[in-house]
Structure formats: structure tokens, C-alpha cells
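Down below is the structure, laid out as C-alpha cells.
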Amino acid sequence: MRLSDLFSPGIANKETTDVRASQLDRKVDVAVLEANPSGHRMHYVRYLVDAVGPESSVVLTTARATGSQEYAALLSSAADITVALPDVDSPRAALAAAVSKSLALGARTLIVPDGDRYLIPLLRLLIRHPRLPLEIRLLLMRTTTINGPERPRPATLVKPLLAQLARMSAQARIMFLTDAFGVVRTRPGYPGIPAVLDPVVPDTATAHDHPAWLPRRQPGSPVVGVFGVITPRKNLPLLVKALDLCPSAVLVVGGAFELGMREYVDTDEDVRRHVASGRMVIVDRLLSADEFAAGLANVDLVAVLYDNDAPSGILAEACMRHTPVLVPTGGWLARVAQSTGVGTTTPLTAEGVAQAIQRVTRDRQRYVDATRVHAPRLNIVDFVEHLLGR
């Protein structure tokens with residue numbers, strides 16, 4: 001079989017020939033495709049590469065991803081096993097180039113951790129080439145359900161069908177990302193698709209140095225943290241409004257802001273007022289691993305007010321540092337918080353958030369005790385074993 005036979009002429013002539021020359025001149029077992037550097041995705045790639053070993057793996061990504069802060073922080077040491085796939089401006093082109101390069105390197109498995117956007121390209125590929133000599137493992141990170149808290153979209157109806165069609169192929173393995181605690185094992189609309197626990201690296205530090213930018217915790221003055229990539233779905237404006245109803249609280253926001261959120265904190269009068277009074281601290285940059293862990297460990301409460309129905313790595317990372325969480329009522333995160341006891345729930349209103357902050361402050365030790373029970377269960381083993389097929 002010629003590699004060019006795998007694709008339509010337009011794709012074969014472009015994506016398979018434009019792949020940048022790399023230092024790889026050997027056979028590999030596992031290729032990992034990840035074109036999006038945001039969030040936890042580069043962490044996922046790091047875990048897989050470390051498990052396979054650099055001698056048997058290759059990272060397939062894009063020039064944009066290799067130029068990101070996330071890549072520099074997590075995968076710069078893997079530069080020798082990284083192949084950038086330029087001019088892949090669509091999931092279809094990225095998958096085509098990744099499959100071509102994987103086959104050229106002799107890989108037996110191609111893993112796609114952020115697999116949602118590749119479902120349709122994968123189906124097209126498998127229909128055209130049902131005997132593809134490569135197993136493709138897709139992890140669905142977003143399994144929105146019809147009856148969940150998110151507004152249904154056409155993809156909500158179509159995606160479960162696409163996932164079931166893909167898993168009918170012997171060359172495809174479809175999995176979905178669940179919470180790190182394994183509370184949710186099945187998702188409505190996705191029967192038969194196995195759950196993969198969100199990976200969390202155990203924290204071996206007995207204490208974390210207090211970052212200079214983080215306010216010291218004071219009795220009766222809870223420090224509430226929001227960490228990670230700061231996107232609209234974290235409901236930061238709601239927390240800002242809640243500060244006026246919880247006058248003793250301090251809000252710390254640490255992480256790289258998306259453009260729209262940067263504009264919000266730069267122009268909102270309430271934000272300016274709280275920053276000026278010392279009741280709000282903003283650190284707009286990618287936090288180092290040590291800063292991130294220290295931030296989680298040195299606040300009283302972590303707000304995870306996501307308005308989508310999905311697991312949260314921040315929730316599990318907070319549990320690892322024995323810090324309670326605040327999550328929205330209803331949906332996936334509420335199930336995790338209620339079943340484990342590591343946090344409490346709130347309606348997505350300023351009044352509800354303020355009351356929940358006060359509630360956790362009054363009874364914080366109970367939530368901390370629950371985190372100490374569940375933190376030892378958190379690891380990356382399930383994630384690695386499922387995606388590698390071990």
C-alpha cells in the first residue's frame with residue numbers, strides 16, 4: 001500500500017508532503033496527535049509519551065502548538081520526537097497528515113486525546129479505507145447530553161451516533177473522559193463507550209511555598225481562587241458580583257486569560273474597584289506547575305463554576321491539595337462534589353455564590369477531611385492504560 005493511496009489527491013499532495021522534516025529516522029510504536037495546546041491537553045500528551053518512552057513514541061502537532069507556552073512548559077524536552085504538521089487548517093487535514101506520518105514511521109497506534117473534533121474526519125477515513133493498518137484511539141472530552149444543563153445544539157444529537165458508527169470499525173477505539181474520581185461511568189447517548197479517568201499526578205509535596213502574589217489567608221476572610229485558563233465558562237463576572245454580597249472574601253484569579261476575559265477585567269468598574277481595595281488579585285499568565293499547586297493549596301476555596309456539563313481537572317487538582325471546591329447545582333460537577341463531599345454546590349446567582357462561600361467557610365474542615373479521603377485515589381494510571389490499550 002502506498003501512503004498516497006490513503007487520501008484523496010488534494011490531501012495527499014499537500015498534507016503528506018508538507019510535513020516538516022524531523023530528526024525521526026526510526027520506527028515508533030505510538031503516535032500522539034494534539035493540535036490544541038490549551039487547557040490540560042499538553043499534560044495528556046506528556047503522560048502518554050512518558051509511559052511509552054521517547055524511543056517508541058512521536059508527538060504530532062502544529063507549529064502554533066510548538067510555539068505555545070504550554071508546549072514550552074511541558075514538552076520542550078520532547079522536541080526531538082515532535083513533528084509539526086504545517087498548513088493543517090482543519091481537523092480533516094490534521095488527521096490525514098497524522099495518519100500519513102504515523103504509517104511512514106511504522107506506528108501501530110495513533111492516539112488523539114482531544115478527539116471530539118476528529119469524529120467526522122475519522123469516519124470518512126474509515127469508510128474509504130476499512131483496512132487501515134493503524135489503530136486510532138479517540139478520547140471524547142465533551143459528551144454533552146440532551147437532558148444536561150447545557151443548551152442542546154445539533155451536535156448534541158448527532159455526536160452520539162457518530163461515536164457509535166466509529167466504534168463499529170476494528171481500526172477505531174472510542175472512549176470518553178470522565179471525572180478523576182470515576183463517579184460517572186456512563187453517559188446518556190454513549191452506551192458501550194468506556195470511561196477514562198481524568199488524570200491527576202499525585203502531589204508528593206508536604207507543603208508548598210506561598211506565592212508572593214497570593215494574599216495570606218486570614219480567619220473570617222476566605223480567599224477564593226479561580227485557576228487555569230480563564231474562559232467565559234468559568235463565570236468570573238458572577239464571582240465578582242458575589243464579592244459585594246460577601247464583604248469579607250478575597251478573590252484570586254490566576255491563569256492565562258482569553259482575549260474576551262482580558263477585556264472584561266480591564267474595563268469592568270466592579271473589577272477595578274475590588275482590585276483597588278485589595279479584594280481581588282489578578283495574575284494573567286500561565287502559572288508554572290509549582291505556582292499552580294501552591295495557589296490551589298493556599299486558598300480556602302476553589303470556585304469551579306463551569307456552565308458546561310463536563311468533568312473538571314481543576315476540581316481534582318484542588319482535592320489533591322486538600323482544598324474544597326464550589327460547583328454549580330445540577331450537572332456533572334455537582335454529582336462529583338455531592339458523592340465525594342469534597343465541596344458544595346450553588347445556583348449560578350450572585351446571592352447563591354455568596355451564601356455558598358460563607359457556608360464552606362463555616363464548615364471548611366468537613367470538606368477538607370473529605371479531600372483527604374479521596375486524594376489518594378487520584379492518579380494517571382487509568383488514563384494511560386486505557387489510551388495505550390494496556
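Letters A, B, ... mark the chains of the C-alpha cells in the order given; residue numbers begin at 1 per chain; ligand numbers begin at 1, in order shown.
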
Selection: 9 Å around range 339-341 of chain A, only C-alpha atoms, excl. self and same-chain fewer than 2 positions, as a PyMOL selection string: chain A and resi 181+183+324+334-337+343-344+366-371+373-374

From the DSSP assignment of the backbone, select every residue of range 129-354 of chain A that is helix (DSSP H, G or I), and format the answer as a PyMOL selection string. chain A and resi 154-166+232-234+236-245+259-267+269-276+289-297+313-320+332-340+350-354

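When only C-alpha atoms are used to measure the gap to Leu315 in chain A, the shortest distance among A:Val200, A:Val240, A:Val275, A:Ala163 belongs to A:Val200.
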
Determine, counting only C-alpha atoms, which protein, DNA and RNA residues have an atom within 12 Å of an atom of range 46-53 of chain A; residues of the same chain fewer than 2 positions away are not included. Present the result as a PyMOL selection string. chain A and resi 28-34+37+40-44+55-60+70-79+81-82+109-113+198-201+379-390

Which residues come within 10 Å of Asp270 in chain A, counting only C-alpha atoms, excluding same-chain residues fewer than 2 positions away, as a PDB file with C-alpha atoms, in the first residue's frame?
```
ATOM      1  CA  PRO A 237     -18.373  38.110  36.402  1.00  0.00           C
ATOM      2  CA  VAL A 240     -17.174  39.484  41.051  1.00  0.00           C
ATOM      3  CA  LYS A 241     -20.814  40.332  41.796  1.00  0.00           C
ATOM      4  CA  LEU A 243     -17.945  39.762  46.334  1.00  0.00           C
ATOM      5  CA  ASP A 244     -20.295  42.649  47.134  1.00  0.00           C
ATOM      6  CA  VAL A 265     -11.246  42.696  33.698  1.00  0.00           C
ATOM      7  CA  THR A 267     -12.917  47.586  31.595  1.00  0.00           C
ATOM      8  CA  ASP A 268     -15.327  46.440  34.327  1.00  0.00           C
ATOM      9  CA  ARG A 272     -11.358  47.894  39.154  1.00  0.00           C
ATOM     10  CA  ARG A 273     -12.934  48.717  42.486  1.00  0.00           C
ATOM     11  CA  HIS A 274     -12.177  45.327  44.016  1.00  0.00           C
ATOM     12  CA  VAL A 275      -8.588  45.347  42.722  1.00  0.00           C
ATOM     13  CA  ALA A 276      -8.031  48.842  44.109  1.00  0.00           C
TER      14      ALA A 276
END
```

For Ile120 in chain A, list every protein, DNA or RNA residue within 12 Å, evaluated using only C-alpha atoms, and leave out those in the same chain fewer than 2 positions away; present the list as a PyMOL selection string. chain A and resi 90-93+95+115-118+122-127+138+155+158-166

Just the selected residues (N, CA and C atoms), exported as a compact mmCIF listing (two decimals), in the first residue's frame, please.
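The resulting file, out.txt, is reproduced below:
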```txt
# COMPACT_ATOMS: atom_id res chain seq x y z
N SER A 90 -7.67 22.35 9.30
CA SER A 90 -8.94 21.71 9.61
C SER A 90 -8.66 20.37 10.27
N PRO A 91 -9.60 19.84 11.04
CA PRO A 91 -9.41 18.52 11.64
C PRO A 91 -9.17 17.43 10.59
N ARG A 92 -9.86 17.55 9.46
CA ARG A 92 -9.68 16.54 8.41
C ARG A 92 -8.23 16.53 7.91
N ALA A 93 -7.69 17.73 7.65
CA ALA A 93 -6.31 17.81 7.18
C ALA A 93 -5.33 17.33 8.24
N LEU A 95 -5.85 15.15 10.69
CA LEU A 95 -5.90 13.69 10.83
C LEU A 95 -5.24 13.01 9.64
N GLY A 115 -10.30 14.21 21.05
CA GLY A 115 -10.80 13.55 19.87
C GLY A 115 -12.12 14.04 19.32
N ASP A 116 -12.81 14.92 20.02
CA ASP A 116 -14.16 15.29 19.62
C ASP A 116 -14.25 15.84 18.20
N ARG A 117 -13.33 16.72 17.86
CA ARG A 117 -13.39 17.38 16.55
C ARG A 117 -12.93 16.47 15.42
N TYR A 118 -12.48 15.26 15.75
CA TYR A 118 -11.97 14.34 14.73
C TYR A 118 -12.94 13.21 14.41
N LEU A 122 -12.56 11.01 11.06
CA LEU A 122 -12.24 9.60 11.27
C LEU A 122 -13.21 8.70 10.52
N LEU A 123 -14.49 9.02 10.58
CA LEU A 123 -15.49 8.21 9.88
C LEU A 123 -15.23 8.23 8.37
N ARG A 124 -14.95 9.39 7.83
CA ARG A 124 -14.66 9.49 6.40
C ARG A 124 -13.46 8.64 6.03
N LEU A 125 -12.45 8.69 6.87
CA LEU A 125 -11.23 7.92 6.60
C LEU A 125 -11.51 6.43 6.64
N LEU A 126 -12.27 5.98 7.65
CA LEU A 126 -12.54 4.56 7.80
C LEU A 126 -13.46 4.02 6.71
N ILE A 127 -14.37 4.85 6.23
CA ILE A 127 -15.25 4.42 5.14
C ILE A 127 -14.44 4.22 3.86
N LEU A 138 -9.53 7.47 19.91
CA LEU A 138 -10.05 8.80 20.15
C LEU A 138 -10.64 8.91 21.55
N ALA A 155 -25.12 19.28 17.29
CA ALA A 155 -24.06 18.31 17.57
C ALA A 155 -24.42 17.40 18.74
N VAL A 158 -26.27 14.60 17.07
CA VAL A 158 -25.54 13.84 16.05
C VAL A 158 -24.32 13.13 16.62
N LYS A 159 -23.65 13.74 17.55
CA LYS A 159 -22.38 13.21 18.04
C LYS A 159 -22.47 11.79 18.60
N PRO A 160 -23.47 11.46 19.43
CA PRO A 160 -23.56 10.07 19.91
C PRO A 160 -23.65 9.06 18.77
N LEU A 161 -24.38 9.41 17.72
CA LEU A 161 -24.48 8.49 16.57
C LEU A 161 -23.14 8.34 15.87
N LEU A 162 -22.43 9.44 15.71
CA LEU A 162 -21.11 9.38 15.07
C LEU A 162 -20.15 8.50 15.88
N ALA A 163 -20.22 8.64 17.20
CA ALA A 163 -19.33 7.84 18.06
C ALA A 163 -19.64 6.36 17.92
N GLN A 164 -20.92 6.01 17.85
CA GLN A 164 -21.30 4.60 17.72
C GLN A 164 -20.89 4.05 16.35
N LEU A 165 -21.01 4.86 15.31
CA LEU A 165 -20.60 4.41 13.99
C LEU A 165 -19.09 4.19 13.95
N ALA A 166 -18.34 5.07 14.55
CA ALA A 166 -16.88 4.94 14.52
C ALA A 166 -16.42 3.70 15.26
```

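With only C-alpha atoms as the atoms that count, the residue of A:Asp300, A:Asp203, A:Asp284, A:Asp266 with the shortest distance to Arg377 in chain A is A:Asp203.
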
For Thr66 in chain A, which residue among A:Ala35, A:Asp309, A:Leu245, A:Asp89 is the nearest when counting only C-alpha atoms?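 Nearest candidate to Thr66 in chain A out of A:Ala35, A:Asp309, A:Leu245, A:Asp89: A:Ala35.
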
Backbone DSSP call of strand (DSSP E) for range 37-277 of chain A, listed as a PyMOL selection string: chain A and resi 57-61+82-84+109-112+135-140+172-178+195-197+223-227+250-254

Take the residues just selected and output them with N, CA, C and O atoms as a compact mmCIF listing (two decimals), in the first residue's frame.
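Writing done, so here's selection.txt:
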```txt
# COMPACT_ATOMS: atom_id res chain seq x y z
N SER A 57 7.89 6.59 20.69
CA SER A 57 6.75 7.46 20.51
C SER A 57 7.11 8.68 19.68
O SER A 57 8.28 9.02 19.52
N VAL A 58 6.07 9.33 19.14
CA VAL A 58 6.23 10.57 18.40
C VAL A 58 5.04 11.46 18.71
O VAL A 58 3.91 10.99 18.87
N VAL A 59 5.30 12.76 18.85
CA VAL A 59 4.25 13.75 19.07
C VAL A 59 3.99 14.45 17.74
O VAL A 59 4.90 15.02 17.14
N LEU A 60 2.74 14.41 17.30
CA LEU A 60 2.33 15.07 16.06
C LEU A 60 1.48 16.27 16.43
O LEU A 60 0.45 16.14 17.09
N THR A 61 1.92 17.46 16.01
CA THR A 61 1.22 18.67 16.43
C THR A 61 1.36 19.71 15.33
O THR A 61 1.56 19.37 14.16
N THR A 82 9.13 15.37 18.29
CA THR A 82 7.96 16.15 17.86
C THR A 82 8.05 16.43 16.36
O THR A 82 9.09 16.83 15.86
N VAL A 83 6.94 16.22 15.68
CA VAL A 83 6.83 16.56 14.26
C VAL A 83 5.70 17.57 14.12
O VAL A 83 4.55 17.29 14.49
N ALA A 84 6.02 18.75 13.63
CA ALA A 84 4.99 19.75 13.37
C ALA A 84 4.35 19.48 12.01
O ALA A 84 5.04 19.15 11.04
N THR A 109 -0.26 2.50 16.54
CA THR A 109 -1.38 3.17 17.19
C THR A 109 -1.22 4.67 17.06
O THR A 109 -0.13 5.21 17.26
N LEU A 110 -2.34 5.34 16.73
CA LEU A 110 -2.40 6.80 16.75
C LEU A 110 -3.42 7.20 17.80
O LEU A 110 -4.59 6.82 17.72
N ILE A 111 -2.99 7.97 18.81
CA ILE A 111 -3.86 8.39 19.90
C ILE A 111 -4.19 9.86 19.73
O ILE A 111 -3.30 10.69 19.50
N VAL A 112 -5.48 10.17 19.87
CA VAL A 112 -5.94 11.56 19.75
C VAL A 112 -6.65 11.92 21.05
O VAL A 112 -7.83 11.62 21.23
N GLU A 135 -4.32 1.45 14.26
CA GLU A 135 -5.43 1.62 15.19
C GLU A 135 -5.47 3.06 15.67
O GLU A 135 -4.44 3.59 16.11
N ILE A 136 -6.63 3.68 15.60
CA ILE A 136 -6.79 5.07 16.01
C ILE A 136 -7.65 5.11 17.26
O ILE A 136 -8.77 4.59 17.28
N ARG A 137 -7.12 5.71 18.31
CA ARG A 137 -7.82 5.80 19.60
C ARG A 137 -8.22 7.25 19.86
O ARG A 137 -7.36 8.12 20.01
N LEU A 138 -9.53 7.47 19.91
CA LEU A 138 -10.05 8.80 20.15
C LEU A 138 -10.64 8.91 21.55
O LEU A 138 -11.42 8.06 21.96
N LEU A 139 -10.26 9.97 22.25
CA LEU A 139 -10.84 10.26 23.55
C LEU A 139 -11.79 11.44 23.40
O LEU A 139 -11.38 12.53 23.01
N LEU A 140 -13.06 11.22 23.71
CA LEU A 140 -14.06 12.29 23.67
C LEU A 140 -14.00 13.05 24.99
O LEU A 140 -14.25 12.48 26.05
N ALA A 172 -10.78 1.45 15.05
CA ALA A 172 -11.05 2.60 15.91
C ALA A 172 -11.41 2.15 17.32
O ALA A 172 -12.09 1.14 17.51
N ARG A 173 -10.95 2.91 18.28
CA ARG A 173 -11.33 2.73 19.68
C ARG A 173 -11.80 4.09 20.19
O ARG A 173 -11.05 5.05 20.16
N ILE A 174 -13.03 4.15 20.66
CA ILE A 174 -13.61 5.40 21.13
C ILE A 174 -13.81 5.32 22.64
O ILE A 174 -14.37 4.34 23.15
N MET A 175 -13.36 6.31 23.37
CA MET A 175 -13.50 6.38 24.83
C MET A 175 -13.98 7.77 25.20
O MET A 175 -13.92 8.69 24.38
N PHE A 176 -14.47 7.94 26.42
CA PHE A 176 -14.83 9.29 26.86
C PHE A 176 -14.15 9.61 28.17
O PHE A 176 -13.90 8.75 29.00
N LEU A 177 -13.83 10.89 28.34
CA LEU A 177 -13.14 11.36 29.53
C LEU A 177 -14.17 11.57 30.65
O LEU A 177 -15.13 12.32 30.49
N THR A 178 -13.95 10.91 31.77
CA THR A 178 -14.82 11.09 32.91
C THR A 178 -14.06 11.82 34.02
O THR A 178 -12.89 12.15 33.87
N ALA A 195 -15.26 4.59 29.96
CA ALA A 195 -14.85 5.82 30.61
C ALA A 195 -13.36 5.78 30.94
O ALA A 195 -12.83 4.74 31.33
N VAL A 196 -12.71 6.92 30.79
CA VAL A 196 -11.30 7.07 31.12
C VAL A 196 -11.19 8.17 32.18
O VAL A 196 -11.66 9.29 31.98
N LEU A 197 -10.58 7.84 33.30
CA LEU A 197 -10.47 8.81 34.39
C LEU A 197 -9.57 9.97 34.01
O LEU A 197 -8.48 9.78 33.47
N VAL A 223 -10.25 33.27 51.22
CA VAL A 223 -9.63 33.54 49.92
C VAL A 223 -10.19 32.52 48.94
O VAL A 223 -10.02 31.31 49.10
N VAL A 224 -10.86 33.02 47.92
CA VAL A 224 -11.48 32.18 46.89
C VAL A 224 -10.62 32.23 45.64
O VAL A 224 -10.27 33.33 45.18
N GLY A 225 -10.27 31.07 45.09
CA GLY A 225 -9.41 31.03 43.92
C GLY A 225 -10.11 30.56 42.67
O GLY A 225 -11.00 29.70 42.72
N VAL A 226 -9.71 31.12 41.55
CA VAL A 226 -10.11 30.65 40.22
C VAL A 226 -8.82 30.46 39.44
O VAL A 226 -8.04 31.42 39.28
N PHE A 227 -8.56 29.23 38.96
CA PHE A 227 -7.28 28.93 38.33
C PHE A 227 -7.46 28.23 36.99
O PHE A 227 -8.53 27.73 36.67
N VAL A 250 -11.96 37.46 49.61
CA VAL A 250 -10.97 37.95 48.66
C VAL A 250 -10.96 36.98 47.47
O VAL A 250 -10.97 35.76 47.67
N LEU A 251 -10.92 37.50 46.26
CA LEU A 251 -10.94 36.67 45.06
C LEU A 251 -9.59 36.75 44.36
O LEU A 251 -9.08 37.82 44.07
N VAL A 252 -9.00 35.57 44.09
CA VAL A 252 -7.74 35.47 43.36
C VAL A 252 -7.99 34.75 42.05
O VAL A 252 -8.56 33.65 42.03
N VAL A 253 -7.57 35.36 40.96
CA VAL A 253 -7.74 34.76 39.63
C VAL A 253 -6.35 34.57 39.04
O VAL A 253 -5.65 35.55 38.74
N GLY A 254 -5.94 33.32 38.86
CA GLY A 254 -4.60 33.03 38.38
C GLY A 254 -4.60 32.13 37.17
O GLY A 254 -5.09 30.99 37.23
```

From A:Val353, A:Met141, A:Ala375, A:Leu238, residue lying nearest Leu119 in chain A [only C-alpha atoms]: A:Met141

Residues at most 6 Å from range 345-351 of chain A, counting only C-alpha atoms, excluding those fewer than 3 positions away in the same chain, as a list in words? Leu238, Lys241, Ala242, Leu326, Val327, Pro328, Thr329 and Ala354 of chain A

Would you save the residues of that selection, restricted to N, CA, C and O atoms, as an mmCIF file, in the first residue's frame?
```
data_model
loop_
_atom_site.group_PDB
_atom_site.id
_atom_site.type_symbol
_atom_site.label_atom_id
_atom_site.label_comp_id
_atom_site.auth_asym_id
_atom_site.auth_seq_id
_atom_site.Cartn_x
_atom_site.Cartn_y
_atom_site.Cartn_z
ATOM 1 N N LEU A 238 -19.800 36.562 37.593
ATOM 2 C CA LEU A 238 -20.704 36.162 38.677
ATOM 3 C C LEU A 238 -19.981 36.206 40.022
ATOM 4 O O LEU A 238 -20.534 36.666 41.034
ATOM 5 N N LYS A 241 -19.577 39.817 41.188
ATOM 6 C CA LYS A 241 -20.814 40.332 41.796
ATOM 7 C C LYS A 241 -21.019 39.760 43.194
ATOM 8 O O LYS A 241 -21.515 40.444 44.100
ATOM 9 N N ALA A 242 -20.641 38.500 43.384
ATOM 10 C CA ALA A 242 -20.821 37.872 44.696
ATOM 11 C C ALA A 242 -19.938 38.511 45.759
ATOM 12 O O ALA A 242 -20.269 38.461 46.951
ATOM 13 N N LEU A 326 -16.254 24.820 45.008
ATOM 14 C CA LEU A 326 -17.614 25.321 44.863
ATOM 15 C C LEU A 326 -18.026 25.102 43.419
ATOM 16 O O LEU A 326 -17.347 25.584 42.504
ATOM 17 N N VAL A 327 -19.119 24.350 43.188
ATOM 18 C CA VAL A 327 -19.530 23.996 41.835
ATOM 19 C C VAL A 327 -21.011 24.329 41.649
ATOM 20 O O VAL A 327 -21.749 24.490 42.626
ATOM 21 N N PRO A 328 -21.479 24.413 40.386
ATOM 22 C CA PRO A 328 -22.887 24.744 40.150
ATOM 23 C C PRO A 328 -23.825 23.610 40.545
ATOM 24 O O PRO A 328 -23.487 22.429 40.454
ATOM 25 N N THR A 329 -25.011 23.969 40.959
ATOM 26 C CA THR A 329 -26.051 22.986 41.232
ATOM 27 C C THR A 329 -26.456 22.303 39.928
ATOM 28 O O THR A 329 -26.597 22.947 38.893
ATOM 29 N N ALA A 354 -22.461 33.762 47.021
ATOM 30 C CA ALA A 354 -22.038 34.391 48.273
ATOM 31 C C ALA A 354 -22.414 33.536 49.474
ATOM 32 O O ALA A 354 -21.615 33.354 50.403
#
```

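With distances restricted to only C-alpha atoms, A:Arg362 is the closest residue to Pro219 in chain A from A:Arg372, A:Arg64, A:Arg26, A:Arg362.
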
Distance in Å - CA of Ala65 in chain A versus CA of Ala98 in chain A: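 The value is 14.6 Å.
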
For CA of Asp114 in chain A and CA of Val45 in chain A, quote the distance in Å rounded to one decimal.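 Separation between CA of Asp114 in chain A and CA of Val45 in chain A: 10.0 Å.
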
Nearest candidate to Leu287 in chain A (options A:Pro121, A:Leu132, A:Pro202, A:Val229; using only C-alpha atoms):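 Distance minimum relative to Leu287 in chain A lands on A:Val229.
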
Measure the distance from CA of Ser312 in chain A to CA of Ala180 in chain A in Å and round it to one decimal. 8.2 Å
